[in-house]
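Student: To start, I am sharing the structure in question, which I have written as structure tokens.
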Amino acid sequence: MSQTVEIGSPVTKVTCQADYDPVLSRVHRSLELSLQHARDLMQPDGHWCGEVRTNATTTAEHILLCQALGVNLEADREAYISWLFSTQGSDGGWSLVPDHGGNISATVEAYLALKILGVSEDEREMRKARAYALAAGGVAKVRIFTRIYLALFGLFPWEAIPELPAELILIPSQLPVSLDRWSSWARATVIPLLIVSHHRPTYPLPAEISDHNHTYLDKLWCDPSNKVIPYTPPLAPSWNSDPFVSLFTVTDAILHRCNGLRFFNPLRRFARRKCVNWILEHQEITGDIGDIMPPLHGAMLALTLEGYSLNSDPIRRGLEAIERFACHDASGKRIQTTASACWDTSLMLIGLSDAGVTPDQQPMINNSLSWLQQRQILDQHGDWRVFNPDLHPGGFSFGYFNTWYPDVDDTACAILAMTRQDASLIHSPSVLHAVNWLLGMQNADGGWGAFDRDNNDWYLNKIPFSDMEGLCDPSTPDVTGHVLEAFGMFLAVGSSRRKPPSAYSACLDRINLAFRRAMYYLSATQEPSGAWYGRWGVNYIYGTSAVLCALPYFLHEKHCSTLLASDDSLAQEVAQAVRWLEIVQNADGGWGETVDSYRDPSQAGSGPSTASQTAWALMALLPYLRPSTEFIRRGVEYLLRTQVQTSSTGGKGATWHERAYTGTGFPNHFYFGYSFYAHYFPMMALGRYAYAAGGRPCLEWGNN
């Protein structure tokens, strides 16, 4: 039976300190080593950005893009080959995450990329890849996006790909299928593809492949004589099952019959020009689009098809931007799907604060805070304004260069980073603008999505193009939890000051109302087990941690005493979530969950222990359990036992390593391995444990 302890917010100390803790000195030493490693990772201007690891598709698609545009790959050929082979699985395929079975789409794209790079199909690795592909159903089973890339080289028939008429961009935002109602990432990806779909190009393959008359991938087809493979279910049964599937299937069939409206269409030229203008408008000065690779790859194809040369300014800047996403080391060269600069910087600052490092002890932290504040987006543009035109800007984005798509999660974490590091920033314009922006982004159901407000039109996922089920951006418990934690910190810091700033008082009622609405949403979305779903991290451990880390701010603080503190149902929900985390703790003391839980919820909380997921669980439990509780102690022991010193790589600190991908892009389809997750989250957990067990650590941050 676990023992609970009454707490205030995480910025106030636990009312009942633990007895003398023999583990505490080890925790302090671990934190000292962690801080040194964090210092080693810091960029000269004060920010942090770790590699975002993904599967082979982004790198393979970049190679295909270069082949299509005629960009010479010779200088990096061996480096690309080396990295692609290093990520091939033992079953011969390329997987979505390490140590899982292959994925047919990733395998086909990697195989084609390797052939374009000149690798012989007789190589052992290529033979293994073919054997895997055929066993998995062959090219006929690839996703829509892969079909498009193959069609670019005549290796998949264009008629077996959903029609994407350019006129989609002309549909007013008030109508249900307007692109403005699509998720931000889908919109940015699809608009360039509207132009590609219009032109339906067939780019040349290298000469040795072209000699095969575009039958090159036939060895990956189970039946190469029939390549017009349906991408929608049979129409007749769908009439009785899902009317949206029927509607979109019929519409797509009509568009195919009409050749995609390519001819005798007076609107097509205007629609294409509008697509080009949209791309040019959304391209940053640095060449980026949305801080993610698929829109940028698509934009390069679209603009060249519309007559832009490789030497033109938009193409030149775009190709330079892609190279900034490249990583090159002993394993070879690969292209990241995104860069996590703001995200990593905010979370590292939170971790440093938990470990006792603030500007008072280390003035260098001011450089990091300054870097972060300069990334706040205060421009009067952004796709989020379409349905929110009166809201003042104030959000933060994920990476380096993305003024069009600030997101809720990054903004919440930026508020936490700033206010935890420097309480005086509570009345800074930066924090106030960010809080106001988050308040204006709350959805009607009480939760928060990632990029837009009320972007929850689930029927869009029935469009044939959406085989990754990513055309909407609804509320999720993890993002909602992070927003509430940011609000709670804002209120707690404000109430602790002798004379709270006027802006604090102005926000108090709005935040309390937002909290009430959010709790209705969280109550409705809690799983029967007690867990909450994690959309952007794997999975139920992540979502549950996000919610449980937020609630202590609101349960006992004076500014929230009339909200839900006496609500027995809330206490019951919290107790159920805490109990679930206790139940799923592994025998080694850690916590782990694989991506399999997205397909099979019965696998929630099940998997080998990882540093990041163990840290999430500990942070979730620490506000509700005594630090001496067995569950807490075993989790802390796991982190202490698995920390590895970095002396072998020239560093003086220590960190944690994990192969598993614990970040999520599209559940079931695309995952991220954030390089720094295994560092700053354990640092947060150990810092909070040290504070709860024996007082806030005051540690030196390496040598000046």
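By order in the structure tokens, chains are A, B, ...; within a chain, residues start at 1; ligands start at 1, following the order shown.
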Neighbours of Pro224 of chain A within 10 Å (only C-alpha atoms; same-chain residues fewer than 5 positions away dropped), as a PDB file with N, CA, C and O atoms, in the first residue's frame?

Tutor:
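The result, stored in around_19.pdb:
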ATOM      1  N   GLY A 138       4.808  -6.858 -50.529  1.00  0.00           N
ATOM      2  CA  GLY A 138       5.370  -6.136 -51.657  1.00  0.00           C
ATOM      3  C   GLY A 138       4.946  -4.691 -51.753  1.00  0.00           C
ATOM      4  O   GLY A 138       4.292  -4.134 -50.861  1.00  0.00           O
ATOM      5  N   VAL A 139       5.302  -4.077 -52.879  1.00  0.00           N
ATOM      6  CA  VAL A 139       5.050  -2.655 -53.101  1.00  0.00           C
ATOM      7  C   VAL A 139       3.567  -2.322 -53.027  1.00  0.00           C
ATOM      8  O   VAL A 139       3.183  -1.205 -52.676  1.00  0.00           O
ATOM      9  N   ALA A 140       2.721  -3.294 -53.299  1.00  0.00           N
ATOM     10  CA  ALA A 140       1.277  -3.045 -53.265  1.00  0.00           C
ATOM     11  C   ALA A 140       0.802  -2.585 -51.892  1.00  0.00           C
ATOM     12  O   ALA A 140      -0.275  -1.984 -51.781  1.00  0.00           O
ATOM     13  N   THR A 215      10.728  -0.974 -64.900  1.00  0.00           N
ATOM     14  CA  THR A 215      10.279  -2.214 -64.265  1.00  0.00           C
ATOM     15  C   THR A 215      11.213  -2.582 -63.119  1.00  0.00           C
ATOM     16  O   THR A 215      11.157  -3.696 -62.604  1.00  0.00           O
ATOM     17  N   LEU A 217      11.466  -1.961 -59.933  1.00  0.00           N
ATOM     18  CA  LEU A 217      10.961  -2.443 -58.654  1.00  0.00           C
ATOM     19  C   LEU A 217      10.079  -3.677 -58.796  1.00  0.00           C
ATOM     20  O   LEU A 217       9.467  -4.100 -57.816  1.00  0.00           O
ATOM     21  N   ASP A 218      10.002  -4.242 -59.968  1.00  0.00           N
ATOM     22  CA  ASP A 218       9.156  -5.423 -60.152  1.00  0.00           C
ATOM     23  C   ASP A 218       9.553  -6.548 -59.217  1.00  0.00           C
ATOM     24  O   ASP A 218       8.707  -7.366 -58.819  1.00  0.00           O
ATOM     25  N   LYS A 219      10.807  -6.614 -58.851  1.00  0.00           N
ATOM     26  CA  LYS A 219      11.240  -7.678 -57.944  1.00  0.00           C
ATOM     27  C   LYS A 219      10.696  -7.482 -56.531  1.00  0.00           C
ATOM     28  O   LYS A 219      10.791  -8.390 -55.708  1.00  0.00           O
TER      29      LYS A 219
END

Student: Quick one: contact table of segment 505-592 of chain A to segment 405-415 of chain A, 12 Å max, nearest atom pair and distance in Å to one decimal per residue, counting only C-alpha atoms, chain and number order, as a Markdown table?

Tutor:
| residue | atom | partner | partner_atom | distance |
| --- | --- | --- | --- | --- |
| A:Arg535 | CA | A:Asp409 | CA | 11.4 |
| A:Trp536 | CA | A:Asp409 | CA | 9.5 |
| A:Gly537 | CA | A:Asp409 | CA | 11.7 |
| A:Ala546 | CA | A:Asp409 | CA | 11.0 |
| A:Ala550 | CA | A:Ala412 | CA | 11.4 |

Student: Generate a file of the selected residues that holds N, CA, C and O atoms, formatted as a CSV table (one decimal), in the first residue's frame.

Tutor:
chain,number,residue,atom,x,y,z
A,535,ARG,N,-0.4,11.7,-26.9
A,535,ARG,CA,-0.4,11.9,-28.4
A,535,ARG,C,1.1,12.1,-28.9
A,535,ARG,O,1.4,11.6,-29.9
A,536,TRP,N,1.9,12.9,-28.1
A,536,TRP,CA,3.1,13.3,-28.6
A,536,TRP,C,4.3,12.6,-28.0
A,536,TRP,O,5.5,12.9,-28.3
A,537,GLY,N,4.0,11.7,-27.1
A,537,GLY,CA,5.1,10.9,-26.4
A,537,GLY,C,4.5,9.5,-26.1
A,537,GLY,O,3.3,9.4,-26.0
A,546,ALA,N,1.9,13.9,-17.8
A,546,ALA,CA,1.6,15.3,-18.1
A,546,ALA,C,0.5,15.8,-17.2
A,546,ALA,O,0.5,16.9,-16.7
A,550,ALA,N,0.5,18.4,-13.5
A,550,ALA,CA,-0.2,19.7,-13.5
A,550,ALA,C,-1.1,19.9,-12.3
A,550,ALA,O,-1.2,21.0,-11.8

Student: Can you pull out the residues contacting His62 of chain A? Cut-off 10 Å, using only C-alpha atoms, and skip same-chain residues under 6 positions away; I want them as a ChimeraX atom specification.

Tutor: /A:68,113,293-294,297,322,334-335

Student: Please dump the current selection as a PDB file, in the first residue's frame; keep C-alpha atoms.

Tutor:
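selection-v3.pdb written:
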ATOM      1  CA  ALA A  68      14.303  14.213 -59.378  1.00  0.00           C
ATOM      2  CA  ALA A 113      17.254   5.211 -52.535  1.00  0.00           C
ATOM      3  CA  MET A 293      10.874  18.173 -43.940  1.00  0.00           C
ATOM      4  CA  PRO A 294       7.845  16.871 -45.932  1.00  0.00           C
ATOM      5  CA  HIS A 297      10.600  18.494 -50.000  1.00  0.00           C
ATOM      6  CA  ILE A 322      17.469  20.968 -45.976  1.00  0.00           C
ATOM      7  CA  ARG A 334      21.043  11.365 -42.679  1.00  0.00           C
ATOM      8  CA  ILE A 335      18.398  14.087 -42.842  1.00  0.00           C
TER       9      ILE A 335
END

Student: Quick check for you: according to DSSP on this backbone, which residues of segment 487-601 of chain A are classed as helix (DSSP H, G or I)? Reply as number ranges by chain.

Tutor: A: 487-496, 502-525, 540-550, 552-555, 558-560, 568-583, 596-599, 601

Student: Can you list, as a VMD selection string, every protein, DNA or RNA residue that comes within 12 Å of Leu378 of chain A when you count only C-alpha atoms, leaving out same-chain residues fewer than 3 positions away?

Tutor: chain A and resid 373 to 375 381 to 382 391 to 397 402 to 406 429 to 430 433 to 434 437

Student: Would you compute the distance between atom CA of Ser606 of chain A and atom CA of Glu593 of chain A? Give it in Å to one decimal.

Tutor: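 These two atoms are separated by 4.6 Å.
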
Student: Write out as a ChimeraX atom specification each polymer residue whose atoms come within 12 Å of Gly118 of chain A, counting only C-alpha atoms; drop sequence neighbours fewer than 2 positions from it.

Tutor: /A:63,67,73-74,77-78,80-81,111-116,120-123,126,205-209

Student: Measuring atom to atom with only C-alpha atoms, identify which of A:Val177, A:Met684, A:Val276, A:Leu305 is nearest to His198 of chain A.

Tutor: A:Leu305

Student: Give me the residues near Thr57 of chain A as a count of residues only, where near means some atom within 12 Å (using only C-alpha atoms) and where sequence neighbours in that chain fewer than 5 positions away do not count.

Tutor: 36

Student: When distances are computed from only C-alpha atoms, which of A:Gly607, A:Met519, A:Ala60, A:Thr544 shows the smallest separation from Ser569 of chain A?

Tutor: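 Going through A:Gly607, A:Met519, A:Ala60, A:Thr544 one by one, the smallest distance to Ser569 of chain A is for A:Met519.
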
Student: Closest to Asn72 of chain A among A:Ala339, A:Val574, A:Met468, A:Leu310, using only C-alpha atoms?

Tutor: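 Closest residue, counting only C-alpha atoms: A:Leu310.
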
Student: Between A:Ser428, A:Gln585, A:Ser25, A:Ser34, which is the closest to Glu630 of chain A once you count only C-alpha atoms?

Tutor: A:Gln585

Student: Need to verify the contact set: Ser82 of chain A, 8 Å, only C-alpha atoms, exclusion of same-chain residues closer than 3 positions in sequence. Can you return it as a list in words?

Tutor: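 Here the qualifying residues turn out to be Glu78, Ala79, Phe85, Ser86, Ser331, Gly332 and Lys333 of chain A.
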
Student: Could you please determine the separation between atom CA of Pro165 of chain A and atom CA of Ala450 of chain A in Å, to one decimal place?

Tutor: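 These two atoms are separated by 27.4 Å.
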